[in-house]
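Trainee: To be precise about what I am sending: the file is called entry-v8.pdb and holds PDB, C-alpha atoms and all ligand atoms.
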```pdb
MODEL        1
ATOM      1  CA  MET A   1       0.000   0.000   0.000
ATOM      2  CA  HIS A   2       1.161   3.580  -0.713
ATOM      3  CA  GLU A   3       2.715   5.218   2.359
ATOM      4  CA  ASP A   4       0.297   8.206   2.246
ATOM      5  CA  ILE A   5      -2.813   5.999   2.430
ATOM      6  CA  ASP A   6      -4.465   5.524   5.816
ATOM      7  CA  HIS A   7      -6.858   2.774   4.760
ATOM      8  CA  VAL A   8      -8.276   1.129   1.631
ATOM      9  CA  VAL A   9     -11.989   1.636   0.968
ATOM     10  CA  LEU A  10     -12.271  -0.513  -2.178
ATOM     11  CA  SER A  11      -9.615  -2.984  -3.325
ATOM     12  CA  GLU A  12      -8.514  -3.432  -6.925
ATOM     13  CA  GLU A  13     -10.347  -6.779  -7.058
ATOM     14  CA  GLU A  14     -13.612  -5.317  -5.716
ATOM     15  CA  ILE A  15     -13.487  -2.471  -8.239
ATOM     16  CA  GLN A  16     -12.757  -4.723 -11.214
ATOM     17  CA  GLU A  17     -15.418  -7.245 -10.234
ATOM     18  CA  ARG A  18     -18.065  -4.524  -9.963
ATOM     19  CA  ILE A  19     -17.034  -2.964 -13.298
ATOM     20  CA  ALA A  20     -17.472  -6.337 -15.007
ATOM     21  CA  GLU A  21     -21.017  -6.517 -13.575
ATOM     22  CA  LEU A  22     -21.784  -2.962 -14.686
ATOM     23  CA  GLY A  23     -20.411  -3.696 -18.169
ATOM     24  CA  SER A  24     -22.718  -6.698 -18.595
ATOM     25  CA  GLU A  25     -25.754  -4.860 -17.245
ATOM     26  CA  ILE A  26     -25.183  -1.805 -19.452
ATOM     27  CA  SER A  27     -24.474  -3.906 -22.555
ATOM     28  CA  ALA A  28     -27.655  -5.916 -22.029
ATOM     29  CA  ASN A  29     -29.672  -2.693 -21.879
ATOM     30  CA  TYR A  30     -28.314  -1.245 -25.132
ATOM     31  CA  GLY A  31     -28.214  -4.539 -27.079
ATOM     32  CA  ASP A  32     -26.857  -3.842 -30.579
ATOM     33  CA  GLU A  33     -27.423  -0.083 -30.382
ATOM     34  CA  PRO A  34     -24.240   2.018 -30.408
ATOM     35  CA  VAL A  35     -23.605   4.016 -27.242
ATOM     36  CA  LEU A  36     -21.471   7.110 -26.882
ATOM     37  CA  LEU A  37     -19.555   7.094 -23.605
ATOM     38  CA  ILE A  38     -18.773  10.601 -22.404
ATOM     39  CA  ALA A  39     -16.167  10.712 -19.663
ATOM     40  CA  VAL A  40     -15.749  13.724 -17.473
ATOM     41  CA  LEU A  41     -12.023  14.456 -17.267
ATOM     42  CA  ARG A  42      -9.813  13.922 -15.552
ATOM     43  CA  GLY A  43     -11.092  11.626 -12.824
ATOM     44  CA  ALA A  44     -13.206   9.313 -15.014
ATOM     45  CA  ALA A  45     -10.412   8.517 -17.501
ATOM     46  CA  ILE A  46      -9.411   5.295 -15.760
ATOM     47  CA  PHE A  47     -12.993   4.162 -15.196
ATOM     48  CA  ILE A  48     -14.061   4.692 -18.846
ATOM     49  CA  ALA A  49     -11.071   2.625 -20.020
ATOM     50  CA  ASP A  50     -11.934  -0.341 -17.801
ATOM     51  CA  LEU A  51     -15.709  -0.064 -18.253
ATOM     52  CA  ALA A  52     -15.527   0.106 -22.061
ATOM     53  CA  ARG A  53     -13.484  -3.101 -22.111
ATOM     54  CA  GLN A  54     -16.259  -4.876 -20.206
ATOM     55  CA  MET A  55     -18.934  -3.757 -22.688
ATOM     56  CA  THR A  56     -20.062  -5.812 -25.660
ATOM     57  CA  CYS A  57     -22.327  -3.309 -27.463
ATOM     58  CA  PRO A  58     -20.773  -0.922 -30.039
ATOM     59  CA  VAL A  59     -19.008   1.812 -28.047
ATOM     60  CA  GLU A  60     -17.708   5.252 -28.997
ATOM     61  CA  PHE A  61     -15.840   7.730 -26.782
ATOM     62  CA  ASP A  62     -15.889  11.479 -26.268
ATOM     63  CA  PHE A  63     -14.549  13.622 -23.433
ATOM     64  CA  MET A  64     -15.494  16.742 -21.534
ATOM     65  CA  ALA A  65     -13.588  18.647 -18.909
ATOM     66  CA  VAL A  66     -15.273  20.824 -16.327
ATOM     67  CA  SER A  67     -13.804  22.808 -13.496
ATOM     68  CA  SER A  68     -14.272  21.241 -10.088
ATOM     69  CA  TYR A  69     -12.207  21.200  -6.931
ATOM     70  CA  GLY A  70      -8.729  22.377  -7.879
ATOM     71  CA  SER A  71      -6.537  21.290  -5.020
ATOM     72  CA  SER A  72      -9.121  21.800  -2.272
ATOM     73  CA  THR A  73     -11.412  19.052  -0.994
ATOM     74  CA  ARG A  74     -14.682  21.019  -1.012
ATOM     75  CA  SER A  75     -17.112  21.623  -3.869
ATOM     76  CA  SER A  76     -17.125  25.234  -5.019
ATOM     77  CA  GLY A  77     -20.496  24.867  -6.761
ATOM     78  CA  VAL A  78     -18.975  26.686  -9.706
ATOM     79  CA  VAL A  79     -19.012  24.632 -12.893
ATOM     80  CA  ARG A  80     -17.268  25.741 -16.052
ATOM     81  CA  ILE A  81     -16.738  23.794 -19.297
ATOM     82  CA  LEU A  82     -13.001  23.682 -19.906
ATOM     83  CA  LYS A  83     -13.223  21.267 -22.852
ATOM     84  CA  ASP A  84     -16.384  20.574 -24.803
ATOM     85  CA  LEU A  85     -17.294  17.468 -26.828
ATOM     86  CA  ASP A  86     -15.682  17.013 -30.227
ATOM     87  CA  GLU A  87     -18.850  15.679 -31.866
ATOM     88  CA  THR A  88     -22.607  16.205 -31.901
ATOM     89  CA  ILE A  89     -24.724  13.959 -29.679
ATOM     90  CA  GLU A  90     -28.044  14.597 -31.417
ATOM     91  CA  GLU A  91     -30.059  11.361 -31.816
ATOM     92  CA  ARG A  92     -27.343   9.256 -30.156
ATOM     93  CA  HIS A  93     -27.484   7.144 -27.002
ATOM     94  CA  VAL A  94     -25.308   8.951 -24.479
ATOM     95  CA  LEU A  95     -23.931   7.462 -21.287
ATOM     96  CA  VAL A  96     -22.072   9.926 -19.080
ATOM     97  CA  VAL A  97     -19.238   8.207 -17.213
ATOM     98  CA  GLU A  98     -18.459   9.819 -13.853
ATOM     99  CA  ASP A  99     -15.908   8.926 -11.213
ATOM    100  CA  ILE A 100     -17.775  10.137  -8.152
ATOM    101  CA  LEU A 101     -21.074  11.772  -7.312
ATOM    102  CA  ASP A 102     -20.576  14.040  -4.318
ATOM    103  CA  THR A 103     -22.863  17.085  -4.052
ATOM    104  CA  GLY A 104     -24.197  16.395  -7.566
ATOM    105  CA  LEU A 105     -23.639  20.008  -8.617
ATOM    106  CA  THR A 106     -21.234  19.143 -11.430
ATOM    107  CA  LEU A 107     -23.446  16.453 -12.894
ATOM    108  CA  LYS A 108     -26.617  18.506 -12.625
ATOM    109  CA  TYR A 109     -25.077  21.250 -14.699
ATOM    110  CA  LEU A 110     -23.655  18.780 -17.208
ATOM    111  CA  LEU A 111     -26.894  16.860 -17.723
ATOM    112  CA  LYS A 112     -28.880  20.043 -18.234
ATOM    113  CA  ASN A 113     -26.363  21.182 -20.801
ATOM    114  CA  LEU A 114     -26.269  17.818 -22.652
ATOM    115  CA  ALA A 115     -30.073  17.481 -22.674
ATOM    116  CA  THR A 116     -30.375  20.672 -24.750
ATOM    117  CA  ARG A 117     -28.359  18.935 -27.494
ATOM    118  CA  LYS A 118     -31.181  16.410 -28.058
ATOM    119  CA  PRO A 119     -29.570  12.988 -27.524
ATOM    120  CA  LYS A 120     -31.688   9.894 -28.210
ATOM    121  CA  SER A 121     -31.159   8.884 -24.578
ATOM    122  CA  LEU A 122     -29.106  10.297 -21.715
ATOM    123  CA  GLU A 123     -28.044   8.196 -18.725
ATOM    124  CA  VAL A 124     -25.293   8.273 -16.124
ATOM    125  CA  VAL A 125     -22.939   5.661 -14.730
ATOM    126  CA  THR A 126     -20.925   6.672 -11.698
ATOM    127  CA  LEU A 127     -18.366   4.433 -10.068
ATOM    128  CA  LEU A 128     -18.908   5.965  -6.636
ATOM    129  CA  SER A 129     -21.709   7.816  -4.906
ATOM    130  CA  LYS A 130     -21.200   9.474  -1.534
ATOM    131  CA  HIS A 131     -23.916   8.332   0.763
ATOM    132  CA  GLY A 132     -26.420  10.984   1.802
ATOM    133  CA  LYS A 133     -24.326  13.762   0.324
ATOM    134  CA  GLN A 134     -26.295  14.829  -2.768
ATOM    135  CA  ARG A 135     -27.467  18.418  -2.554
ATOM    136  CA  VAL A 136     -29.389  18.182  -5.814
ATOM    137  CA  PRO A 137     -31.385  15.119  -6.888
ATOM    138  CA  ILE A 138     -29.694  13.250  -9.739
ATOM    139  CA  THR A 139     -30.946  10.100 -11.389
ATOM    140  CA  CYS A 140     -27.942   7.851 -11.854
ATOM    141  CA  LYS A 141     -29.060   4.696 -13.619
ATOM    142  CA  TYR A 142     -25.894   2.797 -12.763
ATOM    143  CA  VAL A 143     -23.958   3.189  -9.497
ATOM    144  CA  GLY A 144     -20.865   1.116  -8.771
ATOM    145  CA  PHE A 145     -20.607   1.642  -5.030
ATOM    146  CA  GLU A 146     -22.193   3.766  -2.315
ATOM    147  CA  ILE A 147     -19.375   4.974  -0.051
ATOM    148  CA  PRO A 148     -19.309   6.923   3.225
ATOM    149  CA  ASP A 149     -18.772  10.682   3.111
ATOM    150  CA  GLU A 150     -14.970  10.701   3.242
ATOM    151  CA  PHE A 151     -12.513  12.234   0.793
ATOM    152  CA  VAL A 152     -11.076   9.379  -1.262
ATOM    153  CA  VAL A 153      -8.226   9.079  -3.741
ATOM    154  CA  GLY A 154      -7.059   6.501  -6.268
ATOM    155  CA  TYR A 155      -8.498   4.876  -9.374
ATOM    156  CA  GLY A 156      -8.630   8.250 -11.158
ATOM    157  CA  LEU A 157      -9.426  10.372  -8.107
ATOM    158  CA  ASP A 158      -6.822  12.857  -6.964
ATOM    159  CA  PHE A 159      -5.731  15.110  -4.176
ATOM    160  CA  ALA A 160      -3.809  18.039  -5.718
ATOM    161  CA  GLU A 161      -3.434  15.925  -8.918
ATOM    162  CA  ARG A 162      -1.715  13.053  -7.114
ATOM    163  CA  TYR A 163      -2.725   9.423  -6.437
ATOM    164  CA  ARG A 164      -4.846   8.994  -9.606
ATOM    165  CA  ASN A 165      -2.745   5.992 -10.595
ATOM    166  CA  LEU A 166      -3.441   3.902  -7.493
ATOM    167  CA  PRO A 167      -5.351   0.766  -8.602
ATOM    168  CA  TYR A 168      -7.484   0.860  -5.430
ATOM    169  CA  ILE A 169      -9.526   3.583  -3.664
ATOM    170  CA  GLY A 170      -8.450   4.766  -0.249
ATOM    171  CA  VAL A 171      -8.412   7.536   2.339
ATOM    172  CA  LEU A 172      -5.279   9.629   2.859
ATOM    173  CA  LYS A 173      -3.541   9.972   6.200
ATOM    174  CA  PRO A 174      -4.741  13.197   7.884
ATOM    175  CA  GLU A 175      -1.259  14.761   7.877
ATOM    176  CA  ILE A 176      -1.187  14.736   4.051
ATOM    177  CA  TYR A 177      -3.902  17.420   3.945
ATOM    178  CA  THR A 178      -2.225  19.635   6.505
ATOM    179  CA  ASP A 179       1.381  19.451   5.260
TER     180      ASP A 179
HETATM  181  P1  LIG B 201     -19.811  17.266  -7.053
HETATM  182  O1  LIG B 201     -20.124  18.365  -8.007
HETATM  183  O2  LIG B 201     -19.758  17.766  -5.634
HETATM  184  O3  LIG B 201     -20.710  16.067  -7.191
HETATM  185  O4  LIG B 201     -18.302  16.850  -7.327
HETATM  186  C1  LIG B 201     -17.934  16.016  -8.340
HETATM  187  C2  LIG B 201     -16.441  16.055  -8.592
HETATM  188  O5  LIG B 201     -15.699  16.436  -7.422
HETATM  189  C3  LIG B 201     -15.942  14.677  -8.939
HETATM  190  O6  LIG B 201     -16.075  14.416 -10.308
HETATM  191  C4  LIG B 201     -14.495  14.725  -8.451
HETATM  192  O7  LIG B 201     -13.675  15.271  -9.447
HETATM  193  C5  LIG B 201     -14.537  15.653  -7.253
HETATM  194  N1  LIG B 201     -14.643  14.900  -5.983
HETATM  195  C6  LIG B 201     -15.725  14.782  -5.176
HETATM  196  N2  LIG B 201     -15.471  14.016  -4.101
HETATM  197  C7  LIG B 201     -14.184  13.610  -4.241
HETATM  198  C8  LIG B 201     -13.332  12.741  -3.449
HETATM  199  O8  LIG B 201     -13.695  12.177  -2.403
HETATM  200  N3  LIG B 201     -12.077  12.571  -3.944
HETATM  201  C9  LIG B 201     -11.607  13.145  -5.079
HETATM  202  N4  LIG B 201     -12.370  13.948  -5.844
HETATM  203  C10 LIG B 201     -13.649  14.180  -5.433
ENDMDL
END
```
What would the structure in this file look like if it were written as structure tokens?

Mentor:
Amino acid sequence: MHEDIDHVVLSEEEIQERIAELGSEISANYGDEPVLLIAVLRGAAIFIADLARQMTCPVEFDFMAVSSYGSSTRSSGVVRILKDLDETIEERHVLVVEDILDTGLTLKYLLKNLATRKPKSLEVVTLLSKHGKQRVPITCKYVGFEIPDEFVVGYGLDFAERYRNLPYIGVLKPEIYTD
């Protein structure tokens, strides 16, 4: 385990097992219809790569980047599109791939924005959802894990841009935030 990690919340095996289940469930729902996976950078980059490889329906990728936490651990509530999609989503099945649903502010803004572009369908898969934390109601069709309200890193999630490459999800030692 990395020396900065206090404890592991989800092991590599647990994450991969759940992603395989999600991949089968999602693929069964779309059948032969092509689905456009839209990952929200940067956190969801690792999840989209693993999820797509567990899907059997035709899959395409696009990416968006929105402003979120910077190096702090609290949601600012301010959402800004830093990178927009490269292609149109009109009349396409869209599945937004998110790393973590915390307050829901980011996703609420994103879904409202994407809905105006008239996709054929618009759903969300999030790997993690913080229990009891959502400030705005969001319908997430697919949720990997409900986790307690703690700041987590690893598997795409960062603290000050670090720890994204850990294959598991864990909580940092308290002194890492204060140093
Ligand atoms: P929301 O708008 O509060 O739902 O925040 C969503 C975004 O905040 C996520 O996509 C992450 O980038 C970031 N975030 C929220 N909670 C955590 C966490 O525990 N660790 C790392 N990033 C987080």

Trainee: Could you build a table of the residues in chain A lying no more than 6 Å from ligand LIG 201 (chain B), giving for each the nearest pair of atoms and their separation in Å rounded to one decimal place, using all atoms listed in the file, ordered by chain and ascending residue number, as a Markdown table?

Mentor:
```
| residue | atom | partner | partner_atom | distance |
| --- | --- | --- | --- | --- |
| A:Gly43 | CA | B:LIG201 | O7 | 5.6 |
| A:Ser68 | CA | B:LIG201 | O5 | 5.7 |
| A:Tyr69 | CA | B:LIG201 | O5 | 5.9 |
| A:Ser75 | CA | B:LIG201 | O2 | 5.0 |
| A:Asp99 | CA | B:LIG201 | O6 | 5.6 |
| A:Ile100 | CA | B:LIG201 | C3 | 5.0 |
| A:Leu101 | CA | B:LIG201 | O3 | 4.3 |
| A:Asp102 | CA | B:LIG201 | O3 | 3.5 |
| A:Thr103 | CA | B:LIG201 | O2 | 3.6 |
| A:Gly104 | CA | B:LIG201 | O3 | 3.5 |
| A:Leu105 | CA | B:LIG201 | O1 | 3.9 |
| A:Thr106 | CA | B:LIG201 | O1 | 3.7 |
| A:Glu150 | CA | B:LIG201 | O8 | 6.0 |
| A:Phe151 | CA | B:LIG201 | O8 | 3.4 |
| A:Val152 | CA | B:LIG201 | O8 | 4.0 |
| A:Val153 | CA | B:LIG201 | N3 | 5.2 |
| A:Leu157 | CA | B:LIG201 | C9 | 4.6 |
| A:Asp158 | CA | B:LIG201 | C9 | 5.2 |
```

Trainee: Rounded to one decimal, what separation in Å do you get between atom CA of A:His7 and atom CA of A:Leu172?

Mentor: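 Here the two named atoms are 7.3 Å from each other.
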
Trainee: For this file, the PyMOL selection byres (((chain A and resi 111) around 12) and not hetatm) selects which residues, as a ChimeraX atom specification?

Mentor: /A:38,40,94-98,104-110,112-119,121-124,137-140

Trainee: Just C-alpha atoms for this one: save the residues we selected as a PDB file, in the frame of the given file.

Mentor:
```
ATOM      1  CA  ILE A  38     -18.773  10.601 -22.404  1.00  0.00           C
ATOM      2  CA  VAL A  40     -15.749  13.724 -17.473  1.00  0.00           C
ATOM      3  CA  VAL A  94     -25.308   8.951 -24.479  1.00  0.00           C
ATOM      4  CA  LEU A  95     -23.931   7.462 -21.287  1.00  0.00           C
ATOM      5  CA  VAL A  96     -22.072   9.926 -19.080  1.00  0.00           C
ATOM      6  CA  VAL A  97     -19.238   8.207 -17.213  1.00  0.00           C
ATOM      7  CA  GLU A  98     -18.459   9.819 -13.853  1.00  0.00           C
ATOM      8  CA  GLY A 104     -24.197  16.395  -7.566  1.00  0.00           C
ATOM      9  CA  LEU A 105     -23.639  20.008  -8.617  1.00  0.00           C
ATOM     10  CA  THR A 106     -21.234  19.143 -11.430  1.00  0.00           C
ATOM     11  CA  LEU A 107     -23.446  16.453 -12.894  1.00  0.00           C
ATOM     12  CA  LYS A 108     -26.617  18.506 -12.625  1.00  0.00           C
ATOM     13  CA  TYR A 109     -25.077  21.250 -14.699  1.00  0.00           C
ATOM     14  CA  LEU A 110     -23.655  18.780 -17.208  1.00  0.00           C
ATOM     15  CA  LYS A 112     -28.880  20.043 -18.234  1.00  0.00           C
ATOM     16  CA  ASN A 113     -26.363  21.182 -20.801  1.00  0.00           C
ATOM     17  CA  LEU A 114     -26.269  17.818 -22.652  1.00  0.00           C
ATOM     18  CA  ALA A 115     -30.073  17.481 -22.674  1.00  0.00           C
ATOM     19  CA  THR A 116     -30.375  20.672 -24.750  1.00  0.00           C
ATOM     20  CA  ARG A 117     -28.359  18.935 -27.494  1.00  0.00           C
ATOM     21  CA  LYS A 118     -31.181  16.410 -28.058  1.00  0.00           C
ATOM     22  CA  PRO A 119     -29.570  12.988 -27.524  1.00  0.00           C
ATOM     23  CA  SER A 121     -31.159   8.884 -24.578  1.00  0.00           C
ATOM     24  CA  LEU A 122     -29.106  10.297 -21.715  1.00  0.00           C
ATOM     25  CA  GLU A 123     -28.044   8.196 -18.725  1.00  0.00           C
ATOM     26  CA  VAL A 124     -25.293   8.273 -16.124  1.00  0.00           C
ATOM     27  CA  PRO A 137     -31.385  15.119  -6.888  1.00  0.00           C
ATOM     28  CA  ILE A 138     -29.694  13.250  -9.739  1.00  0.00           C
ATOM     29  CA  THR A 139     -30.946  10.100 -11.389  1.00  0.00           C
ATOM     30  CA  CYS A 140     -27.942   7.851 -11.854  1.00  0.00           C
TER      31      CYS A 140
END
```

Trainee: Hey, what comes out of the PyMOL selection byres (((chain A and resi 155) around 9) and not hetatm) on this file? Could you write it as a list in words?

Mentor: Glu12, Ile15, Gly43, Ala44, Ile46, Phe47, Asp99, Val153, Gly154, Gly156, Leu157, Asp158, Tyr163, Arg164, Asn165, Leu166, Pro167, Tyr168 and Ile169 of chain A

Trainee: For a test of reading the model, state the distance in Å between atom CA of A:Thr126 and atom CA of A:Arg92, rounded to one decimal.

Mentor: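 Those two atoms sit 19.7 Å apart.
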
Trainee: Taking the file as I've supplied it (selection: the PyMOL selection byres (((chain A and resi 21-36) around 7) and not hetatm)), which residues are included? Please answer as a ChimeraX atom specification.

Mentor: /A:17-20,37-38,51,54-61,93-95

Trainee: Would you work out the distance separating atom CA of A:Ile48 from atom CA of A:Asp6, expressed in Å to one decimal?

Mentor: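 Atom CA of A:Asp6 lies at a distance of 26.5 Å from atom CA of A:Ile48.
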
Trainee: Taking all atoms of stretch 77-87 of chain A that appear in the file, build a box with edges along x, y and z, extend it by 3 Å on every side, and state its centre and edge lengths in Å to one decimal, as lines of an AutoDock Vina configuration file.

Mentor:
```
center_x = -16.7
center_y = 21.2
center_z = -19.3
size_x = 13.5
size_y = 17.0
size_z = 31.1
```

Trainee: Would you please work out which residue, of A:Ala39, A:Ala65, A:Ala45, A:Ile147, is nearest to A:Leu128 when using all atoms listed in the file?

Mentor: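 Among the listed residues, the smallest separation from A:Leu128 belongs to A:Ile147.
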
Trainee: Pick out the residues sitting within 8 Å of A:Ile81, and hand them over as a list in words; count all atoms listed in the file, and ignore anything fewer than 3 positions along from it in its own chain.

Mentor: Met64, Ala65, Val66, Ser67 and Asp84 of chain A

Trainee: Selection from above, C-alpha atoms, as a PDB file, in the coordinates of the input, can you write it?

Mentor:
```pdb
ATOM      1  CA  MET A  64     -15.494  16.742 -21.534  1.00  0.00           C
ATOM      2  CA  ALA A  65     -13.588  18.647 -18.909  1.00  0.00           C
ATOM      3  CA  VAL A  66     -15.273  20.824 -16.327  1.00  0.00           C
ATOM      4  CA  SER A  67     -13.804  22.808 -13.496  1.00  0.00           C
ATOM      5  CA  ASP A  84     -16.384  20.574 -24.803  1.00  0.00           C
TER       6      ASP A  84
END
```

Trainee: Restricting the calculation to all atoms listed in the file, which member of A:Ile176, A:Asp149, A:Gly132, A:Val171 is positioned closest to A:Leu10?

Mentor: A:Val171
